[in-house]
$ cat input-v5.txt   # compact mmCIF, C-alpha atoms and all ligand atoms
# COMPACT_ATOMS: atom_id res chain seq x y z
CA MET B 1 152.48 38.82 134.25
CA ARG B 2 148.91 38.31 132.98
CA HIS B 3 148.18 41.99 133.56
CA VAL B 4 151.15 43.03 131.45
CA LEU B 5 149.95 40.74 128.69
CA SER B 6 146.38 42.10 128.68
CA ILE B 7 147.63 45.71 128.78
CA ALA B 8 149.84 44.96 125.80
CA ILE B 9 146.90 43.41 123.93
CA ILE B 10 144.66 46.41 124.70
CA LEU B 11 147.42 48.80 123.58
CA LEU B 12 147.90 46.84 120.36
CA ALA B 13 144.14 46.87 119.72
CA LEU B 14 144.02 50.63 120.34
CA CYS B 15 146.92 51.16 117.93
CA GLY B 16 145.06 49.04 115.40
CA ILE B 17 141.92 51.15 115.75
CA VAL B 18 143.82 54.47 115.51
CA VAL B 19 145.82 53.33 112.45
CA GLY B 20 142.64 51.83 110.99
CA ILE B 21 140.88 55.21 111.16
CA ALA B 22 143.72 57.72 110.81
CA GLY B 23 145.65 55.60 108.32
CA PHE B 24 142.90 56.00 105.76
CA ARG B 25 142.71 59.78 106.03
CA GLY B 26 143.57 61.39 102.72
CA ARG B 27 142.49 58.33 100.77
CA MET B 28 139.85 58.98 98.12
CA SER B 29 136.56 57.29 98.85
CA ARG B 30 133.01 57.52 97.64
CA ARG B 31 131.64 56.61 101.05
CA PRO B 32 130.68 59.38 103.50
CA PRO B 33 133.50 60.26 105.91
CA ILE B 34 133.51 59.11 109.52
CA GLU B 35 132.25 62.11 111.41
CA VAL B 36 133.10 62.41 115.11
CA PHE B 37 132.09 66.07 115.37
CA SER B 38 129.74 67.37 112.68
CA ASP B 39 131.29 70.90 112.68
CA MET B 40 127.83 72.20 111.81
CA ASP B 41 128.19 70.80 108.30
CA ARG B 42 124.50 70.03 108.24
CA GLN B 43 122.02 72.41 109.84
CA PRO B 44 118.28 72.78 109.77
CA LYS B 45 117.63 75.73 107.46
CA LEU B 46 115.23 77.04 104.87
CA ARG B 47 116.24 77.23 101.23
CA PRO B 48 115.41 80.60 99.65
CA GLN B 49 112.38 80.77 97.35
CA LYS B 50 111.33 77.20 98.23
CA PRO B 51 108.02 75.94 99.61
CA ASP B 52 108.35 75.28 103.31
CA ALA B 53 106.03 74.29 106.11
CA PHE B 54 107.90 76.36 108.72
CA PHE B 55 106.07 79.63 108.08
CA PRO B 56 102.28 79.79 108.13
CA ASN B 57 102.11 81.00 104.50
CA GLY B 58 104.11 77.96 103.35
CA VAL B 59 107.07 79.69 101.67
CA SER B 60 110.59 80.15 102.99
CA SER B 61 110.98 83.76 101.76
CA GLN B 62 109.02 86.17 103.90
CA LEU B 63 107.92 89.69 102.98
CA PRO B 64 110.56 92.34 103.73
CA VAL B 65 110.73 93.68 107.27
CA PRO B 66 108.65 96.90 107.55
CA GLY B 67 110.86 99.91 106.80
CA THR B 68 113.13 98.05 104.36
CA VAL B 69 114.17 100.35 101.49
CA ALA B 70 114.51 98.70 98.09
CA ARG B 71 117.42 99.89 95.98
CA SER B 72 114.93 101.36 93.50
CA GLN B 73 113.12 103.39 96.18
CA PRO B 74 113.98 107.02 96.98
CA ILE B 75 115.56 108.10 100.25
CA GLN B 76 113.98 111.28 101.60
CA THR B 77 116.49 114.03 102.38
CA LEU B 78 116.16 117.72 103.26
CA ASP B 79 116.77 118.49 99.57
CA GLY B 80 113.94 116.17 98.49
CA PRO B 81 114.02 112.52 97.39
CA VAL B 82 117.27 111.01 96.09
CA TYR B 83 117.68 107.72 94.25
CA PRO B 84 121.15 106.62 95.33
CA PHE B 85 121.36 103.46 93.24
CA GLU B 86 119.61 104.61 90.10
CA ASP B 87 121.65 104.37 86.90
CA SER B 88 121.28 108.07 86.14
CA PRO B 89 123.81 110.79 85.28
CA VAL B 90 123.36 112.36 88.74
CA ASN B 91 124.84 109.25 90.37
CA THR B 92 127.26 108.04 87.71
CA GLY B 93 128.32 111.11 85.70
CA LEU B 94 127.60 108.96 82.63
CA VAL B 95 124.92 109.06 79.97
CA THR B 96 122.45 106.39 81.18
CA GLY B 97 123.24 102.91 79.85
CA THR B 98 126.55 103.98 78.25
CA THR B 99 130.14 104.62 79.32
CA ASN B 100 130.12 108.13 77.84
CA PHE B 101 130.58 111.08 80.19
CA ALA B 102 127.46 113.17 80.68
CA PRO B 103 128.02 116.38 78.72
CA ALA B 104 126.30 118.73 81.16
CA ASP B 105 125.32 119.12 84.82
CA PRO B 106 122.09 117.10 85.27
CA LEU B 107 120.87 119.37 88.11
CA PRO B 108 119.04 122.60 87.33
CA VAL B 109 121.63 125.35 87.84
CA THR B 110 120.11 127.85 90.25
CA MET B 111 121.60 130.61 92.37
CA SER B 112 121.31 128.43 95.49
CA LEU B 113 123.11 125.55 93.73
CA LEU B 114 125.93 127.94 92.77
CA ARG B 115 126.19 129.29 96.34
CA ARG B 116 126.35 125.74 97.64
CA GLY B 117 128.96 124.91 95.01
CA GLN B 118 131.06 127.92 95.95
CA ALA B 119 131.03 126.98 99.63
CA ARG B 120 131.96 123.34 98.87
CA PHE B 121 134.62 124.38 96.34
CA ASP B 122 136.24 126.69 98.87
CA ILE B 123 136.28 123.88 101.43
CA TYR B 124 137.27 120.87 99.34
CA CYS B 125 139.05 122.14 96.24
CA ALA B 126 140.58 125.54 97.09
CA PRO B 127 143.30 124.16 99.40
CA CYS B 128 145.01 122.78 96.29
CA HIS B 129 143.42 124.49 93.29
CA GLY B 130 143.10 127.90 94.94
CA ARG B 131 139.88 129.86 95.41
CA LEU B 132 140.28 131.10 91.83
CA GLY B 133 140.80 127.57 90.54
CA ASP B 134 144.17 128.53 89.04
CA GLY B 135 146.12 125.82 90.86
CA ASN B 136 147.71 128.18 93.40
CA GLY B 137 146.29 126.87 96.63
CA ILE B 138 147.93 126.75 100.03
CA THR B 139 149.44 123.31 99.33
CA LYS B 140 151.54 124.85 96.55
CA LYS B 141 152.62 127.81 98.71
CA ILE B 142 153.89 125.54 101.46
CA GLY B 143 155.56 123.31 98.87
CA ASP B 144 153.41 120.30 99.70
CA MET B 145 152.03 119.79 96.22
CA THR B 146 153.98 121.51 93.49
CA ALA B 147 152.03 120.58 90.37
CA VAL B 148 148.30 121.16 90.80
CA ALA B 149 146.07 121.40 87.74
CA ASP B 150 145.04 124.90 86.64
CA LEU B 151 141.28 124.50 86.27
CA HIS B 152 141.24 127.31 83.67
CA ASP B 153 143.30 125.13 81.34
CA ALA B 154 141.52 124.96 77.95
CA ARG B 155 141.50 121.15 78.19
CA ILE B 156 139.54 121.28 81.46
CA VAL B 157 137.26 124.08 80.23
CA ASP B 158 136.32 121.85 77.27
CA MET B 159 135.98 118.72 79.42
CA ALA B 160 132.49 117.16 79.76
CA ASP B 161 130.92 117.85 83.17
CA GLY B 162 130.68 114.09 83.65
CA GLU B 163 134.47 113.73 83.38
CA ILE B 164 135.01 116.35 86.10
CA PHE B 165 132.41 114.49 88.17
CA ASN B 166 134.50 111.36 87.61
CA THR B 167 137.69 113.16 88.71
CA ILE B 168 136.02 114.44 91.90
CA THR B 169 134.52 111.01 92.61
CA ARG B 170 137.55 108.81 91.93
CA GLY B 171 140.49 111.22 91.93
CA LYS B 172 143.15 111.45 89.24
CA GLY B 173 146.92 111.14 89.35
CA LEU B 174 148.10 112.90 92.50
CA MET B 175 144.58 114.07 93.39
CA GLY B 176 142.74 111.77 95.78
CA ALA B 177 139.11 110.65 95.50
CA TYR B 178 136.52 112.99 97.01
CA GLY B 179 133.50 110.77 96.28
CA PRO B 180 133.37 109.38 99.83
CA LEU B 181 133.42 112.93 101.28
CA ILE B 182 131.18 114.90 98.95
CA PRO B 183 127.57 113.77 98.26
CA VAL B 184 126.61 113.58 94.57
CA ARG B 185 124.49 116.74 94.60
CA ASP B 186 127.34 118.73 96.10
CA ARG B 187 129.71 117.39 93.43
CA TRP B 188 127.39 118.77 90.74
CA ALA B 189 127.06 122.04 92.67
CA ILE B 190 130.88 122.32 92.70
CA ILE B 191 130.99 121.65 88.95
CA ALA B 192 128.35 124.32 88.28
CA TYR B 193 130.38 126.80 90.36
CA LEU B 194 133.63 125.77 88.64
CA ARG B 195 131.99 126.56 85.28
CA THR B 196 131.12 130.07 86.48
CA LEU B 197 134.71 130.50 87.70
CA GLN B 198 135.98 129.47 84.27
CA LEU B 199 133.49 131.72 82.50
CA SER B 200 134.57 134.67 84.65
CA TRP B 201 138.09 134.28 83.21
CA LEU B 202 136.96 133.71 79.64
CA GLY B 203 134.43 136.52 79.53
CA SER B 204 135.14 139.56 77.35
CA THR B 205 133.45 142.90 76.91
CA ASN B 206 131.60 141.29 73.98
CA ASP B 207 129.46 139.42 76.53
CA LEU B 208 128.10 142.73 77.80
CA THR B 209 125.08 144.49 76.43
CA ALA B 210 125.69 147.68 74.47
CA ARG B 211 124.52 149.74 77.43
CA GLU B 212 126.83 147.98 79.88
CA ARG B 213 129.75 148.48 77.48
CA ALA B 214 128.94 152.16 77.15
CA ALA B 215 128.80 152.45 80.93
CA LEU B 216 132.32 151.00 81.12
CA LYS B 217 133.87 153.69 78.90
C1 LIG I 1 144.96 117.60 97.77
C2 LIG I 1 144.99 118.48 96.65
C3 LIG I 1 143.78 118.54 95.75
C4 LIG I 1 142.47 118.77 96.09
C5 LIG I 1 141.90 119.01 97.48
C6 LIG I 1 141.71 118.76 94.88
N1 LIG I 1 142.54 118.53 93.80
FE1 LIG I 1 142.00 118.47 91.87
N2 LIG I 1 143.89 118.04 91.36
C7 LIG I 1 144.96 117.99 92.21
C8 LIG I 1 146.15 117.64 91.47
C9 LIG I 1 147.54 117.47 92.05
C10 LIG I 1 145.76 117.49 90.13
C11 LIG I 1 146.61 117.06 88.95
C12 LIG I 1 146.44 115.55 88.88
C13 LIG I 1 147.39 114.90 87.91
O1 LIG I 1 147.24 115.15 86.70
O2 LIG I 1 148.23 114.16 88.38
C14 LIG I 1 144.33 117.75 90.09
C15 LIG I 1 143.56 117.70 88.93
C16 LIG I 1 142.24 118.10 88.85
C17 LIG I 1 141.48 118.17 87.63
C18 LIG I 1 142.00 117.87 86.24
C19 LIG I 1 141.89 116.39 85.98
C20 LIG I 1 142.40 116.02 84.62
O3 LIG I 1 141.67 115.33 83.91
O4 LIG I 1 143.53 116.38 84.30
C21 LIG I 1 140.23 118.61 87.96
C22 LIG I 1 139.06 118.83 87.02
C23 LIG I 1 140.20 118.77 89.40
N3 LIG I 1 141.44 118.46 89.91
C24 LIG I 1 139.12 119.19 90.11
C25 LIG I 1 139.08 119.25 91.49
C26 LIG I 1 137.89 119.59 92.24
C27 LIG I 1 136.56 119.97 91.63
C28 LIG I 1 138.23 119.51 93.56
C29 LIG I 1 137.33 119.72 94.75
C30 LIG I 1 136.26 118.78 94.89
C31 LIG I 1 139.63 119.13 93.64
N4 LIG I 1 140.11 118.97 92.36
C32 LIG I 1 140.34 118.95 94.81
C33 LIG I 1 144.94 118.20 93.56
C34 LIG I 1 143.81 118.40 94.31
$ encode --input "input-v5.txt" --output "structure tokens"
Amino acid sequence: MRHVLSIAIILLALCGIVVGIAGFRGRMSRRPPIEVFSDMDRQPKLRPQKPDAFFPNGVSSQLPVPGTVARSQPIQTLDGPVYPFEDSPVNTGLVTGTTNFAPADPLPVTMSLLRRGQARFDIYCAPCHGRLGDGNGITKKIGDMTAVADLHDARIVDMADGEIFNTITRGKGLMGAYGPLIPVRDRWAIIAYLRTLQLSWLGSTNDLTARERAALK
């Protein structure tokens, strides 16, 4: 009988403790919460840019690990250094510091750039736009994509190079984004080649020298 009584008292006391703790959960209080497990709320750590005795030189921020490349530094490639994060027309297709499309290809247009552009165009653009750029690629023939832009359209001929760069990079309408697939330099190479394609359709005998015209007749 005495055992039953003491068990009952212990049980009651336990209930009291549980209700005493759990019953106050959710109540607003200015006092710190009872913390059974700290859940790593507080950890020893160094605050950035603060003096600290942990490192021999007394500051929490250490010099970058050797080999770290700052965003402003060039990355060396086979084509020479590139500045992938620089706010320049090569990377953005925009006039630096504005939201206006760059009017012209920022890369020097050389024969090797055009050859590169032709190869990339034939790989990435011709399936839809056709090797001539007239919108009659294989996807139209097999009925996969019925309305593909004709790149000889006067609107696209007059378009700033930066806007075409933007279309390649982000896509437009039904056309997907090719930025993740085509490095920036190749995008500009494609644009340079596209311009020669367009010119080849717009050219007339007036572009020839007198001698070349005579040779034609
Ligand atoms: C999968 C098919 C496909 C591929 C590949 C493709 N395009 Fe397109 N492109 C389209 C379609 C479809 C449109 C019409 C988009 C619209 O107006 O809805 C278009 C539109 C365009 C336009 C006109 C955008 C405008 O402002 O109206 C340009 C310029 C262009 N493409 C360039 C390119 C270049 C350069 C490439 C290669 C890097 C390329 N496209 C690859 C399907 C494609």
$ residues_near_ligand --input "input-v5.txt" --ligand "ligand LIG 1 (chain I)" --cutoff "7 Å" --atoms "all atoms listed in the file" --output "ChimeraX atom specification"
/B:121,124-129,145,147-149,151,156,164,167-168,172-176,178,187,190-191
$ atom_distance --input "input-v5.txt" --atom1 "CA of Ala102 in chain B" --atom2 "CA of Asp161 in chain B"
6.3 Å
$ closest_residue --input "input-v5.txt" --among "B:Leu94, B:Val157, B:Ala177, B:Ala189" --to "Leu107 in chain B" --atoms "only C-alpha atoms"
B:Ala189
$ residues_near_point --input "input-v5.txt" --point "(124.2, 108.5, 84.5)" --cutoff "12 Å" --atoms "all atoms listed in the file" --output "short mmCIF file (atom, residue, chain, number, x, y, z; two decimals) with C-alpha atoms, keeping the file's coordinate frame"
data_model
loop_
_atom_site.label_atom_id
_atom_site.label_comp_id
_atom_site.auth_asym_id
_atom_site.auth_seq_id
_atom_site.Cartn_x
_atom_site.Cartn_y
_atom_site.Cartn_z
CA TYR B 83 117.68 107.72 94.25
CA PRO B 84 121.15 106.62 95.33
CA PHE B 85 121.36 103.46 93.24
CA GLU B 86 119.61 104.61 90.10
CA ASP B 87 121.65 104.37 86.90
CA SER B 88 121.28 108.07 86.14
CA PRO B 89 123.81 110.79 85.28
CA VAL B 90 123.36 112.36 88.74
CA ASN B 91 124.84 109.25 90.37
CA THR B 92 127.26 108.04 87.71
CA GLY B 93 128.32 111.11 85.70
CA LEU B 94 127.60 108.96 82.63
CA VAL B 95 124.92 109.06 79.97
CA THR B 96 122.45 106.39 81.18
CA GLY B 97 123.24 102.91 79.85
CA THR B 98 126.55 103.98 78.25
CA THR B 99 130.14 104.62 79.32
CA ASN B 100 130.12 108.13 77.84
CA PHE B 101 130.58 111.08 80.19
CA ALA B 102 127.46 113.17 80.68
CA PRO B 103 128.02 116.38 78.72
CA ALA B 104 126.30 118.73 81.16
CA ASP B 105 125.32 119.12 84.82
CA PRO B 106 122.09 117.10 85.27
CA LEU B 107 120.87 119.37 88.11
CA ASP B 161 130.92 117.85 83.17
CA GLY B 162 130.68 114.09 83.65
CA GLU B 163 134.47 113.73 83.38
CA PHE B 165 132.41 114.49 88.17
CA ASN B 166 134.50 111.36 87.61
CA VAL B 184 126.61 113.58 94.57
#
$ atom_distance --input "input-v5.txt" --atom1 "CA of Leu46 in chain B" --atom2 "CA of Ser60 in chain B"
5.9 Å
$ axis_aligned_box --input "input-v5.txt" --around "range 33-41 of chain B" --padding-each-side "4 Å" --output "AutoDock Vina command-line options"
--center_x 130.7 --center_y 65.7 --center_z 110.6 --size_x 13.7 --size_y 21.1 --size_z 17.5
$ atom_distance --input "input-v5.txt" --atom1 "CA of Arg170 in chain B" --atom2 "CA of Trp188 in chain B"
14.3 Å
$ closest_residue --input "input-v5.txt" --among "B:His3, B:Arg30, B:Arg42, B:Arg195" --to "Leu132 in chain B" --atoms "only C-alpha atoms"
B:Arg195
$ closest_residue --input "input-v5.txt" --among "B:Leu181, B:Ile138, B:Val18, B:Leu113" --to "Asp79 in chain B" --atoms "all atoms listed in the file"
B:Leu113
